[in-house]
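Asker: Input: one structure, supplied below.
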Amino acid sequence: MSYDKVEQAKKTIIGTKQTVKAIRAGIVTEVIIAQDAEERVVAPALEEAALHGIQVTHVDSREKLGHACGIQVGAAVVAITG
């Protein structure tokens, strides 16, 4: 499951703006998007991932995604770097 991928990743980037910057820098291997996040929040990351051909995986919960990242709040977008 994708939550496990996030937990096992050596380096993650949390948040839409940081994810977009990392995609442009060429260091992202996969983007994880919470399905319960607002479209306007995740749209920039989805567009940038599509432009660069980066795999996008959807999970069901921002809360669970944030927990998998080790933070106390929900996360809408998380990037896994190589």
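Residue names in the structure tokens use chain letters A, B, ... in the order shown, residue numbers from 1 in each chain, and ligand numbers from 1 in the order shown.
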Would you list the contacts of A:Ile27 as a PyMOL selection string, taking every protein, DNA or RNA residue within 12 Å and counting only C-alpha atoms, but skipping same-chain residues closer than 6 positions in sequence?
Answerer: chain A and resi 11-13+18-21+49+52+54+79-82
Asker: Once you have the residues from the selection above, write them out as a JSON list (two decimals), in the first residue's frame, restricted to N, CA and C atoms.
Answerer:
```json
[["chain", "number", "residue", "atom", "x", "y", "z"],
["A", 11, "LYS", "N", 13.45, 9.74, 1.91],
["A", 11, "LYS", "CA", 13.24, 11.19, 1.88],
["A", 11, "LYS", "C", 11.88, 11.48, 1.26],
["A", 12, "THR", "N", 11.08, 12.26, 1.97],
["A", 12, "THR", "CA", 9.79, 12.70, 1.44],
["A", 12, "THR", "C", 9.71, 14.22, 1.51],
["A", 13, "ILE", "N", 8.90, 14.76, 0.65],
["A", 13, "ILE", "CA", 8.64, 16.19, 0.63],
["A", 13, "ILE", "C", 7.14, 16.35, 0.80],
["A", 18, "GLN", "N", 6.19, 22.70, -2.21],
["A", 18, "GLN", "CA", 7.48, 22.04, -2.13],
["A", 18, "GLN", "C", 7.58, 20.89, -3.13],
["A", 19, "THR", "N", 6.47, 20.20, -3.34],
["A", 19, "THR", "CA", 6.44, 19.10, -4.31],
["A", 19, "THR", "C", 6.67, 19.62, -5.72],
["A", 20, "VAL", "N", 6.00, 20.71, -6.07],
["A", 20, "VAL", "CA", 6.17, 21.30, -7.41],
["A", 20, "VAL", "C", 7.62, 21.72, -7.62],
["A", 21, "LYS", "N", 8.23, 22.36, -6.62],
["A", 21, "LYS", "CA", 9.64, 22.76, -6.73],
["A", 21, "LYS", "C", 10.54, 21.55, -6.92],
["A", 49, "ALA", "N", 3.41, 16.96, -12.24],
["A", 49, "ALA", "CA", 3.76, 15.54, -12.35],
["A", 49, "ALA", "C", 3.44, 15.03, -13.76],
["A", 52, "HIS", "N", 6.02, 16.15, -16.32],
["A", 52, "HIS", "CA", 7.33, 15.50, -16.21],
["A", 52, "HIS", "C", 7.24, 13.98, -16.23],
["A", 54, "ILE", "N", 5.81, 11.85, -14.13],
["A", 54, "ILE", "CA", 6.03, 11.24, -12.83],
["A", 54, "ILE", "C", 4.78, 10.50, -12.39],
["A", 79, "ALA", "N", 5.68, 13.97, -1.91],
["A", 79, "ALA", "CA", 6.56, 13.51, -2.99],
["A", 79, "ALA", "C", 7.62, 12.60, -2.39],
["A", 80, "ILE", "N", 7.89, 11.52, -3.09],
["A", 80, "ILE", "CA", 8.98, 10.62, -2.71],
["A", 80, "ILE", "C", 10.14, 10.91, -3.65],
["A", 81, "THR", "N", 11.30, 11.16, -3.08],
["A", 81, "THR", "CA", 12.47, 11.48, -3.89],
["A", 81, "THR", "C", 13.38, 10.25, -3.99],
["A", 82, "GLY", "N", 14.16, 10.25, -5.06],
["A", 82, "GLY", "CA", 15.06, 9.14, -5.32],
["A", 82, "GLY", "C", 16.22, 9.15, -4.38]]
```
Asker: From stretch 11-71 of chain A, collect each residue whose DSSP state is helix (DSSP H, G or I) and return the set as a PyMOL selection string.
Answerer: chain A and resi 16-25+39-52+62-69
Asker: Would you pick out the contacts of A:Val56 at 12 Å or less, using only C-alpha atoms, so that residues sharing its chain but fewer than 3 positions from it are not included, and give the list as a VMD selection string?
Answerer: chain A and resid 2 19 23 28 to 35 42 to 43 45 to 53 59 77 to 80
Asker: Keeping N, CA, C and O atoms, export the residues of the selection given above as an mmCIF file, in the first residue's frame.
Answerer:
```cif
data_model
loop_
_atom_site.group_PDB
_atom_site.id
_atom_site.type_symbol
_atom_site.label_atom_id
_atom_site.label_comp_id
_atom_site.auth_asym_id
_atom_site.auth_seq_id
_atom_site.Cartn_x
_atom_site.Cartn_y
_atom_site.Cartn_z
ATOM 1 N N SER A 2 0.364 2.313 -0.496
ATOM 2 C CA SER A 2 1.131 3.547 -0.653
ATOM 3 C C SER A 2 1.538 4.178 0.676
ATOM 4 O O SER A 2 2.557 4.846 0.742
ATOM 5 N N THR A 19 6.467 20.199 -3.338
ATOM 6 C CA THR A 19 6.443 19.098 -4.306
ATOM 7 C C THR A 19 6.667 19.624 -5.719
ATOM 8 O O THR A 19 7.453 19.055 -6.478
ATOM 9 N N ILE A 23 9.723 18.582 -8.140
ATOM 10 C CA ILE A 23 9.493 17.988 -9.465
ATOM 11 C C ILE A 23 10.300 18.760 -10.508
ATOM 12 O O ILE A 23 10.977 18.171 -11.347
ATOM 13 N N VAL A 28 12.069 14.013 -7.890
ATOM 14 C CA VAL A 28 10.903 13.257 -7.433
ATOM 15 C C VAL A 28 10.719 11.995 -8.278
ATOM 16 O O VAL A 28 10.795 12.042 -9.496
ATOM 17 N N THR A 29 10.463 10.868 -7.594
ATOM 18 C CA THR A 29 10.209 9.613 -8.303
ATOM 19 C C THR A 29 8.725 9.254 -8.322
ATOM 20 O O THR A 29 8.267 8.550 -9.209
ATOM 21 N N GLU A 30 7.988 9.739 -7.317
ATOM 22 C CA GLU A 30 6.553 9.441 -7.241
ATOM 23 C C GLU A 30 5.857 10.510 -6.408
ATOM 24 O O GLU A 30 6.427 11.038 -5.459
ATOM 25 N N VAL A 31 4.605 10.804 -6.762
ATOM 26 C CA VAL A 31 3.796 11.755 -6.017
ATOM 27 C C VAL A 31 2.587 11.017 -5.456
ATOM 28 O O VAL A 31 1.935 10.258 -6.163
ATOM 29 N N ILE A 32 2.308 11.234 -4.168
ATOM 30 C CA ILE A 32 1.161 10.621 -3.507
ATOM 31 C C ILE A 32 0.153 11.735 -3.213
ATOM 32 O O ILE A 32 0.502 12.743 -2.617
ATOM 33 N N ILE A 33 -1.090 11.515 -3.634
ATOM 34 C CA ILE A 33 -2.155 12.508 -3.468
ATOM 35 C C ILE A 33 -3.281 11.913 -2.624
ATOM 36 O O ILE A 33 -3.734 10.800 -2.898
ATOM 37 N N ALA A 34 -3.746 12.659 -1.624
ATOM 38 C CA ALA A 34 -4.891 12.227 -0.824
ATOM 39 C C ALA A 34 -6.174 12.572 -1.566
ATOM 40 O O ALA A 34 -6.362 13.704 -2.001
ATOM 41 N N GLN A 35 -7.059 11.596 -1.711
ATOM 42 C CA GLN A 35 -8.298 11.810 -2.454
ATOM 43 C C GLN A 35 -9.266 12.739 -1.749
ATOM 44 O O GLN A 35 -10.114 13.347 -2.394
ATOM 45 N N VAL A 42 -4.375 20.332 -4.719
ATOM 46 C CA VAL A 42 -3.516 19.316 -5.337
ATOM 47 C C VAL A 42 -3.289 19.533 -6.828
ATOM 48 O O VAL A 42 -2.362 18.955 -7.401
ATOM 49 N N ALA A 43 -4.093 20.358 -7.476
ATOM 50 C CA ALA A 43 -4.004 20.551 -8.931
ATOM 51 C C ALA A 43 -2.610 20.943 -9.425
ATOM 52 O O ALA A 43 -2.123 20.364 -10.403
ATOM 53 N N ALA A 45 0.338 20.252 -8.262
ATOM 54 C CA ALA A 45 1.238 19.092 -8.181
ATOM 55 C C ALA A 45 0.871 18.054 -9.247
ATOM 56 O O ALA A 45 1.760 17.460 -9.876
ATOM 57 N N LEU A 46 -0.428 17.852 -9.455
ATOM 58 C CA LEU A 46 -0.869 16.902 -10.487
ATOM 59 C C LEU A 46 -0.425 17.354 -11.874
ATOM 60 O O LEU A 46 0.052 16.539 -12.682
ATOM 61 N N GLU A 47 -0.585 18.633 -12.158
ATOM 62 C CA GLU A 47 -0.194 19.165 -13.468
ATOM 63 C C GLU A 47 1.313 19.038 -13.695
ATOM 64 O O GLU A 47 1.751 18.635 -14.773
ATOM 65 N N GLU A 48 2.089 19.380 -12.685
ATOM 66 C CA GLU A 48 3.548 19.320 -12.819
ATOM 67 C C GLU A 48 4.017 17.872 -12.978
ATOM 68 O O GLU A 48 4.907 17.580 -13.774
ATOM 69 N N ALA A 49 3.405 16.960 -12.236
ATOM 70 C CA ALA A 49 3.756 15.543 -12.351
ATOM 71 C C ALA A 49 3.443 15.030 -13.758
ATOM 72 O O ALA A 49 4.246 14.293 -14.353
ATOM 73 N N ALA A 50 2.304 15.428 -14.298
ATOM 74 C CA ALA A 50 1.929 15.012 -15.653
ATOM 75 C C ALA A 50 2.914 15.556 -16.682
ATOM 76 O O ALA A 50 3.303 14.844 -17.615
ATOM 77 N N LEU A 51 3.324 16.794 -16.514
ATOM 78 C CA LEU A 51 4.286 17.404 -17.442
ATOM 79 C C LEU A 51 5.625 16.667 -17.472
ATOM 80 O O LEU A 51 6.272 16.577 -18.505
ATOM 81 N N HIS A 52 6.020 16.147 -16.319
ATOM 82 C CA HIS A 52 7.328 15.505 -16.207
ATOM 83 C C HIS A 52 7.245 13.977 -16.232
ATOM 84 O O HIS A 52 8.255 13.303 -16.034
ATOM 85 N N GLY A 53 6.056 13.435 -16.440
ATOM 86 C CA GLY A 53 5.895 11.986 -16.541
ATOM 87 C C GLY A 53 6.162 11.246 -15.246
ATOM 88 O O GLY A 53 6.660 10.122 -15.257
ATOM 89 N N VAL A 59 -4.239 7.997 -2.490
ATOM 90 C CA VAL A 59 -4.614 7.310 -1.260
ATOM 91 C C VAL A 59 -5.899 7.947 -0.764
ATOM 92 O O VAL A 59 -6.283 9.021 -1.210
ATOM 93 N N VAL A 77 -0.491 16.360 -0.286
ATOM 94 C CA VAL A 77 0.465 15.963 -1.321
ATOM 95 C C VAL A 77 1.791 15.600 -0.670
ATOM 96 O O VAL A 77 2.297 16.344 0.159
ATOM 97 N N VAL A 78 2.333 14.457 -1.084
ATOM 98 C CA VAL A 78 3.649 14.033 -0.617
ATOM 99 C C VAL A 78 4.428 13.544 -1.823
ATOM 100 O O VAL A 78 3.913 12.817 -2.667
ATOM 101 N N ALA A 79 5.676 13.974 -1.910
ATOM 102 C CA ALA A 79 6.563 13.514 -2.988
ATOM 103 C C ALA A 79 7.621 12.598 -2.392
ATOM 104 O O ALA A 79 8.180 12.879 -1.327
ATOM 105 N N ILE A 80 7.890 11.516 -3.090
ATOM 106 C CA ILE A 80 8.977 10.619 -2.707
ATOM 107 C C ILE A 80 10.138 10.910 -3.647
ATOM 108 O O ILE A 80 9.965 10.929 -4.870
#
```
Asker: Could you check which of A:Ala76, A:Ile71, A:Leu65, A:Ala25 is closest to A:Pro44, using only C-alpha atoms?
Answerer: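 Closest candidate: A:Ala76.
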Asker: Would you please extract all strand (DSSP E) residues from chain A, as assigned by DSSP on the backbone, and give them as a list in words?
Answerer: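 Answer for chain A, restricted to strand (DSSP E): Thr12, Ile13, Ile14, Val28, Thr29, Glu30, Val31, Ile32, Ile33, Ala34, Gln55, Val56, Thr57, His58, Val59, Val77, Val78, Ala79, Ile80 and Thr81 of chain A.
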Asker: Write the selection just made, keeping N, CA and C atoms, as a compact mmCIF listing (two decimals), in the first residue's frame?
Answerer:
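Done, and the output landed in result.txt:
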```txt
# COMPACT_ATOMS: atom_id res chain seq x y z
N THR A 12 11.08 12.26 1.97
CA THR A 12 9.79 12.70 1.44
C THR A 12 9.71 14.22 1.51
N ILE A 13 8.90 14.76 0.65
CA ILE A 13 8.64 16.19 0.63
C ILE A 13 7.14 16.35 0.80
N ILE A 14 6.75 17.17 1.77
CA ILE A 14 5.34 17.32 2.10
C ILE A 14 4.84 18.70 1.66
N VAL A 28 12.07 14.01 -7.89
CA VAL A 28 10.90 13.26 -7.43
C VAL A 28 10.72 11.99 -8.28
N THR A 29 10.46 10.87 -7.59
CA THR A 29 10.21 9.61 -8.30
C THR A 29 8.73 9.25 -8.32
N GLU A 30 7.99 9.74 -7.32
CA GLU A 30 6.55 9.44 -7.24
C GLU A 30 5.86 10.51 -6.41
N VAL A 31 4.61 10.80 -6.76
CA VAL A 31 3.80 11.75 -6.02
C VAL A 31 2.59 11.02 -5.46
N ILE A 32 2.31 11.23 -4.17
CA ILE A 32 1.16 10.62 -3.51
C ILE A 32 0.15 11.73 -3.21
N ILE A 33 -1.09 11.52 -3.63
CA ILE A 33 -2.15 12.51 -3.47
C ILE A 33 -3.28 11.91 -2.62
N ALA A 34 -3.75 12.66 -1.62
CA ALA A 34 -4.89 12.23 -0.82
C ALA A 34 -6.17 12.57 -1.57
N GLN A 55 4.98 9.30 -11.84
CA GLN A 55 3.86 8.47 -11.40
C GLN A 55 3.12 9.15 -10.25
N VAL A 56 1.79 9.14 -10.34
CA VAL A 56 0.94 9.70 -9.29
C VAL A 56 0.10 8.56 -8.71
N THR A 57 0.14 8.44 -7.39
CA THR A 57 -0.64 7.43 -6.69
C THR A 57 -1.62 8.14 -5.78
N HIS A 58 -2.84 7.63 -5.71
CA HIS A 58 -3.87 8.22 -4.85
C HIS A 58 -4.09 7.34 -3.63
N VAL A 59 -4.24 8.00 -2.49
CA VAL A 59 -4.61 7.31 -1.26
C VAL A 59 -5.90 7.95 -0.76
N VAL A 77 -0.49 16.36 -0.29
CA VAL A 77 0.47 15.96 -1.32
C VAL A 77 1.79 15.60 -0.67
N VAL A 78 2.33 14.46 -1.08
CA VAL A 78 3.65 14.03 -0.62
C VAL A 78 4.43 13.54 -1.82
N ALA A 79 5.68 13.97 -1.91
CA ALA A 79 6.56 13.51 -2.99
C ALA A 79 7.62 12.60 -2.39
N ILE A 80 7.89 11.52 -3.09
CA ILE A 80 8.98 10.62 -2.71
C ILE A 80 10.14 10.91 -3.65
N THR A 81 11.30 11.16 -3.08
CA THR A 81 12.47 11.48 -3.89
C THR A 81 13.38 10.25 -3.99
```
